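Structure data (mmCIF, C-alpha atoms) from work-v7.cif:
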data_input
loop_
_atom_site.group_PDB
_atom_site.id
_atom_site.type_symbol
_atom_site.label_atom_id
_atom_site.label_comp_id
_atom_site.auth_asym_id
_atom_site.auth_seq_id
_atom_site.Cartn_x
_atom_site.Cartn_y
_atom_site.Cartn_z
ATOM 1 C CA PHE A 28 78.290 86.496 99.106
ATOM 2 C CA LYS A 29 81.906 87.601 99.581
ATOM 3 C CA LYS A 30 81.077 91.255 99.026
ATOM 4 C CA PHE A 31 77.791 91.604 100.879
ATOM 5 C CA ALA A 32 77.979 88.940 103.585
ATOM 6 C CA ILE A 33 81.690 89.018 104.454
ATOM 7 C CA ALA A 34 83.255 92.317 103.362
ATOM 8 C CA ASP A 35 80.383 94.581 104.321
ATOM 9 C CA ARG A 36 79.980 92.900 107.738
ATOM 10 C CA ALA A 37 83.729 93.051 108.429
ATOM 11 C CA ALA A 38 83.719 96.725 107.433
ATOM 12 C CA ILE A 39 81.502 97.536 110.404
ATOM 13 C CA VAL A 40 84.107 96.247 112.863
ATOM 14 C CA VAL A 41 87.075 97.623 110.931
ATOM 15 C CA SER A 42 85.615 101.105 110.404
ATOM 16 C CA ALA A 43 84.705 101.492 114.068
ATOM 17 C CA ALA A 44 88.120 100.377 115.307
ATOM 18 C CA PHE A 45 90.149 102.367 112.776
ATOM 19 C CA ALA A 46 88.045 105.543 113.231
ATOM 20 C CA ASP A 47 88.746 105.728 116.967
ATOM 21 C CA PRO A 48 91.496 103.283 117.969
ATOM 22 C CA ALA A 49 91.868 104.821 121.433
ATOM 23 C CA SER A 50 88.419 103.461 122.331
ATOM 24 C CA PHE A 51 89.497 99.852 121.794
ATOM 25 C CA ASP A 52 91.890 97.584 123.648
ATOM 26 C CA ARG A 53 94.862 95.876 122.020
ATOM 27 C CA SER A 54 93.101 92.558 121.366
ATOM 28 C CA GLN A 55 90.186 94.348 119.678
ATOM 29 C CA LEU A 56 92.576 96.316 117.471
ATOM 30 C CA ILE A 57 94.432 93.141 116.518
ATOM 31 C CA PHE A 58 91.102 91.511 115.667
ATOM 32 C CA ALA A 59 90.097 94.555 113.583
ATOM 33 C CA THR A 60 93.430 94.430 111.748
ATOM 34 C CA VAL A 61 92.947 90.758 110.886
ATOM 35 C CA MET A 62 89.361 91.464 109.855
ATOM 36 C CA TYR A 63 90.642 94.247 107.580
ATOM 37 C CA SER A 64 92.741 91.692 105.674
ATOM 38 C CA PHE A 65 89.672 89.531 105.127
ATOM 39 C CA GLN A 66 87.492 92.554 104.357
ATOM 40 C CA LEU A 67 89.940 93.711 101.696
ATOM 41 C CA TYR A 68 90.082 90.255 100.119
ATOM 42 C CA ALA A 69 86.319 89.636 100.232
ATOM 43 C CA ASP A 70 85.553 93.114 98.921
ATOM 44 C CA PHE A 71 87.998 93.058 96.028
ATOM 45 C CA SER A 72 87.544 89.391 95.191
ATOM 46 C CA GLY A 73 83.765 89.718 95.522
ATOM 47 C CA TYR A 74 83.673 92.622 93.061
ATOM 48 C CA THR A 75 85.926 90.647 90.736
ATOM 49 C CA ASP A 76 83.572 87.652 90.914
ATOM 50 C CA ILE A 77 80.660 89.942 90.035
ATOM 51 C CA VAL A 78 82.569 91.261 87.006
ATOM 52 C CA LEU A 79 83.583 87.740 85.942
ATOM 53 C CA GLY A 80 79.960 86.597 86.209
ATOM 54 C CA MET A 81 78.686 89.565 84.218
ATOM 55 C CA GLY A 82 81.371 88.911 81.623
ATOM 56 C CA GLU A 83 80.234 85.296 81.290
ATOM 57 C CA ILE A 84 76.632 86.458 80.826
ATOM 58 C CA LEU A 85 77.866 88.704 77.993
ATOM 59 C CA GLY A 86 79.962 85.907 76.497
ATOM 60 C CA LEU A 87 83.307 87.294 77.677
ATOM 61 C CA HIS A 88 85.784 84.942 79.310
ATOM 62 C CA LEU A 89 87.896 87.085 81.626
ATOM 63 C CA PRO A 90 90.997 85.823 83.460
ATOM 64 C CA GLU A 91 90.933 84.625 87.048
ATOM 65 C CA ASN A 92 92.153 87.320 89.431
ATOM 66 C CA PHE A 93 92.351 85.582 92.823
ATOM 67 C CA ARG A 94 93.409 81.991 93.514
ATOM 68 C CA CYS A 95 92.835 81.361 97.251
ATOM 69 C CA PRO A 96 95.649 83.687 98.383
ATOM 70 C CA TYR A 97 95.162 82.931 102.080
ATOM 71 C CA LEU A 98 96.095 79.303 101.439
ATOM 72 C CA ALA A 99 99.582 80.361 100.273
ATOM 73 C CA LEU A 100 102.639 79.007 102.070
ATOM 74 C CA SER A 101 104.792 82.118 101.590
ATOM 75 C CA MET A 102 104.463 85.811 100.794
ATOM 76 C CA THR A 103 105.839 85.150 97.317
ATOM 77 C CA GLU A 104 103.092 82.609 96.710
ATOM 78 C CA PHE A 105 100.504 84.934 98.251
ATOM 79 C CA TRP A 106 101.332 87.651 95.716
ATOM 80 C CA ARG A 107 101.156 85.145 92.853
ATOM 81 C CA ARG A 108 97.600 84.312 93.962
ATOM 82 C CA TRP A 109 96.423 87.867 94.796
ATOM 83 C CA HIS A 110 95.277 90.258 92.025
ATOM 84 C CA ILE A 111 96.786 87.985 89.400
ATOM 85 C CA THR A 112 96.155 90.312 86.454
ATOM 86 C CA LEU A 113 97.983 93.237 88.087
ATOM 87 C CA GLY A 114 100.872 91.032 89.201
ATOM 88 C CA THR A 115 101.128 89.574 85.700
ATOM 89 C CA TRP A 116 101.244 93.070 84.217
ATOM 90 C CA PHE A 117 104.048 94.163 86.577
ATOM 91 C CA ARG A 118 105.932 90.932 85.891
ATOM 92 C CA ASN A 119 105.606 91.097 82.083
ATOM 93 C CA TYR A 120 106.020 94.834 81.548
ATOM 94 C CA LEU A 121 108.403 95.862 84.327
ATOM 95 C CA TYR A 122 110.178 92.964 86.067
ATOM 96 C CA PHE A 123 111.061 90.899 82.970
ATOM 97 C CA PRO A 124 112.186 93.883 80.856
ATOM 98 C CA LEU A 125 114.479 94.956 83.724
ATOM 99 C CA GLY A 126 116.051 91.489 83.659
ATOM 100 C CA GLY A 127 113.839 89.655 86.147
ATOM 101 C CA SER A 128 115.809 87.147 88.191
ATOM 102 C CA ARG A 129 118.012 85.994 85.299
ATOM 103 C CA CYS A 130 120.770 88.410 86.174
ATOM 104 C CA SER A 131 123.112 89.128 89.058
ATOM 105 C CA ARG A 132 121.749 88.965 92.597
ATOM 106 C CA GLY A 133 122.209 92.724 93.020
ATOM 107 C CA ARG A 134 120.340 93.454 89.794
ATOM 108 C CA MET A 135 117.530 91.091 90.787
ATOM 109 C CA ILE A 136 117.161 92.934 94.114
ATOM 110 C CA PHE A 137 117.087 96.252 92.239
ATOM 111 C CA ASN A 138 114.418 94.862 89.881
ATOM 112 C CA LEU A 139 112.280 93.791 92.852
ATOM 113 C CA LEU A 140 112.706 97.241 94.410
ATOM 114 C CA VAL A 141 111.528 98.979 91.231
ATOM 115 C CA VAL A 142 108.518 96.674 90.887
ATOM 116 C CA TRP A 143 107.382 97.060 94.502
ATOM 117 C CA LEU A 144 107.877 100.825 94.550
ATOM 118 C CA ALA A 145 105.859 100.979 91.312
ATOM 119 C CA THR A 146 103.206 98.759 92.910
ATOM 120 C CA GLY A 147 103.040 101.155 95.843
ATOM 121 C CA LEU A 148 102.689 104.133 93.482
ATOM 122 C CA TRP A 149 100.019 102.296 91.496
ATOM 123 C CA HIS A 150 97.952 102.073 94.676
ATOM 124 C CA GLY A 151 98.363 105.798 95.324
ATOM 125 C CA ALA A 152 100.981 108.547 95.187
ATOM 126 C CA HIS A 153 101.220 108.829 98.962
ATOM 127 C CA LEU A 154 104.049 108.098 101.354
ATOM 128 C CA ASN A 155 102.063 105.313 103.046
ATOM 129 C CA PHE A 156 101.765 103.387 99.762
ATOM 130 C CA LEU A 157 105.464 103.852 98.972
ATOM 131 C CA LEU A 158 106.324 102.565 102.450
ATOM 132 C CA TRP A 159 103.941 99.638 101.917
ATOM 133 C CA GLY A 160 105.699 98.766 98.648
ATOM 134 C CA LEU A 161 109.112 99.186 100.262
ATOM 135 C CA GLY A 162 108.088 96.974 103.184
ATOM 136 C CA LEU A 163 106.859 94.238 100.872
ATOM 137 C CA PHE A 164 110.043 94.547 98.839
ATOM 138 C CA GLY A 165 112.014 93.926 102.045
ATOM 139 C CA ILE A 166 109.928 90.933 103.083
ATOM 140 C CA LEU A 167 110.006 89.343 99.627
ATOM 141 C CA THR A 168 113.735 89.967 99.206
ATOM 142 C CA VAL A 169 114.552 88.301 102.535
ATOM 143 C CA GLU A 170 112.246 85.442 101.578
ATOM 144 C CA LYS A 171 113.766 85.021 98.123
ATOM 145 C CA LEU A 172 117.393 85.209 99.299
ATOM 146 C CA TRP A 173 117.230 83.293 102.569
ATOM 147 C CA LEU A 174 113.904 82.314 104.080
ATOM 148 C CA LYS A 175 112.231 80.448 101.171
ATOM 149 C CA LYS A 176 114.299 77.280 101.637
ATOM 150 C CA TYR A 177 113.090 77.018 105.243
ATOM 151 C CA LEU A 178 109.486 77.783 104.331
ATOM 152 C CA ASP A 179 109.587 75.041 101.689
ATOM 153 C CA ARG A 180 110.765 72.513 104.302
ATOM 154 C CA TRP A 181 108.095 73.436 106.852
ATOM 155 C CA PRO A 182 104.891 74.405 105.019
ATOM 156 C CA VAL A 183 102.917 74.959 108.243
ATOM 157 C CA LEU A 184 105.532 77.496 109.341
ATOM 158 C CA GLY A 185 105.303 79.191 105.943
ATOM 159 C CA HIS A 186 101.535 79.418 106.164
ATOM 160 C CA LEU A 187 101.632 80.872 109.687
ATOM 161 C CA TYR A 188 104.371 83.304 108.687
ATOM 162 C CA MET A 189 102.271 84.517 105.759
ATOM 163 C CA LEU A 190 99.088 84.802 107.859
ATOM 164 C CA VAL A 191 100.926 87.010 110.373
ATOM 165 C CA LEU A 192 102.679 89.218 107.807
ATOM 166 C CA ILE A 193 99.667 89.948 105.597
ATOM 167 C CA PRO A 194 97.717 91.849 108.275
ATOM 168 C CA LEU A 195 100.905 93.617 109.378
ATOM 169 C CA SER A 196 101.585 94.748 105.814
#
Can the structure in the file be given as structure tokens, please?
Amino acid sequence: FKKFAIADRAAIVVSAAFADPASFDRSQLIFATVMYSFQLYADFSGYTDIVLGMGEILGLHLPENFRCPYLALSMTEFWRRWHITLGTWFRNYLYFPLGGSRCSRGRMIFNLLVVWLATGLWHGAHLNFLLWGLGLFGILTVEKLWLKKYLDRWPVLGHLYMLVLIPLS
């Protein structure tokens, strides 16, 4: 359902708007950008559900890969819920070996930078993916060092903040 009913239908709107943005007004482009976020989730999560189902048919119990990421109350929580297996790999094989967050603040920031630049490269060796990783590094660093305490106090604010930043990222 996610793949064929949601992602493929959203792709029609997104593809048209992104192919020729000059033909659309600002509100239509904003709508297409939001739809792209849901298209990406429904497409990737839908494929993952298909693989999980096929695995179960074959007697394989594969790990969960998405845990309702759009219900997250922060970007940090969003990334813990999105593509869980990839995030776990980066955490276990890159972030923790570099020292994780059990080190100085400066070292922790460096560790986050390495992980998010590597995440960008994993998605593709193009400048846009490196900038995407760098942008997420910036958002998550600000959240971790300053903003998280406020987001924890006002969950509705955290949820709105996350829902605005995901399409922008």
Can you build me a table of stretch 35-145 of chain A residues sitting at most 10 Å from stretch 184-188 of chain A, with the closest atom pair per residue and its distance in Å to one decimal, using all atoms listed in the file, sorted by chain and residue number, as a Markdown table?
| residue | atom | partner | partner_atom | distance |
| --- | --- | --- | --- | --- |
| A:Tyr97 | CA | A:His186 | CA | 8.3 |
| A:Leu98 | CA | A:His186 | CA | 7.2 |
| A:Ala99 | CA | A:His186 | CA | 6.3 |
| A:Leu100 | CA | A:His186 | CA | 4.3 |
| A:Ser101 | CA | A:Gly185 | CA | 5.3 |
| A:Met102 | CA | A:Tyr188 | CA | 8.3 |
| A:Phe105 | CA | A:His186 | CA | 9.7 |
Using all atoms of stretch 186-189 of chain A listed in the file and a margin of 3 Å per side, can you give the axis-aligned box centre and edge lengths in Å to one decimal, as lines of an AutoDock Vina configuration file?
center_x = 103.0
center_y = 82.0
center_z = 107.7
size_x = 8.8
size_y = 11.1
size_z = 9.9
Pick out the residues sitting within 7 Å of A:Ala44, and hand them over as number ranges by chain; count only C-alpha atoms, and ignore anything fewer than 4 positions along from it in its own chain. A: 40, 48, 51, 56, 59
Using the chain letters and numbers from the file, give me the residues hit by the PyMOL selection byres ((chain A and resi 66-69) around 12), as a PyMOL selection string. chain A and resi 28-42+58-65+70-77+92-97+105+108-110+193-194
Excluding same-chain residues fewer than 6 positions from stretch 158-170 of chain A, what lies within 8 Å of it counting all atoms listed in the file, as a list in words?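 Everything that qualifies: Met102, Thr103, Ile136, Leu139, Leu140, Trp143, Leu144, Ala145, Thr146, Gly147 and Ser196 of chain A.
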Using atom CA of A:Val142 and atom CA of A:Met189 as the two end points, give the distance in Å to one decimal. 20.2 Å
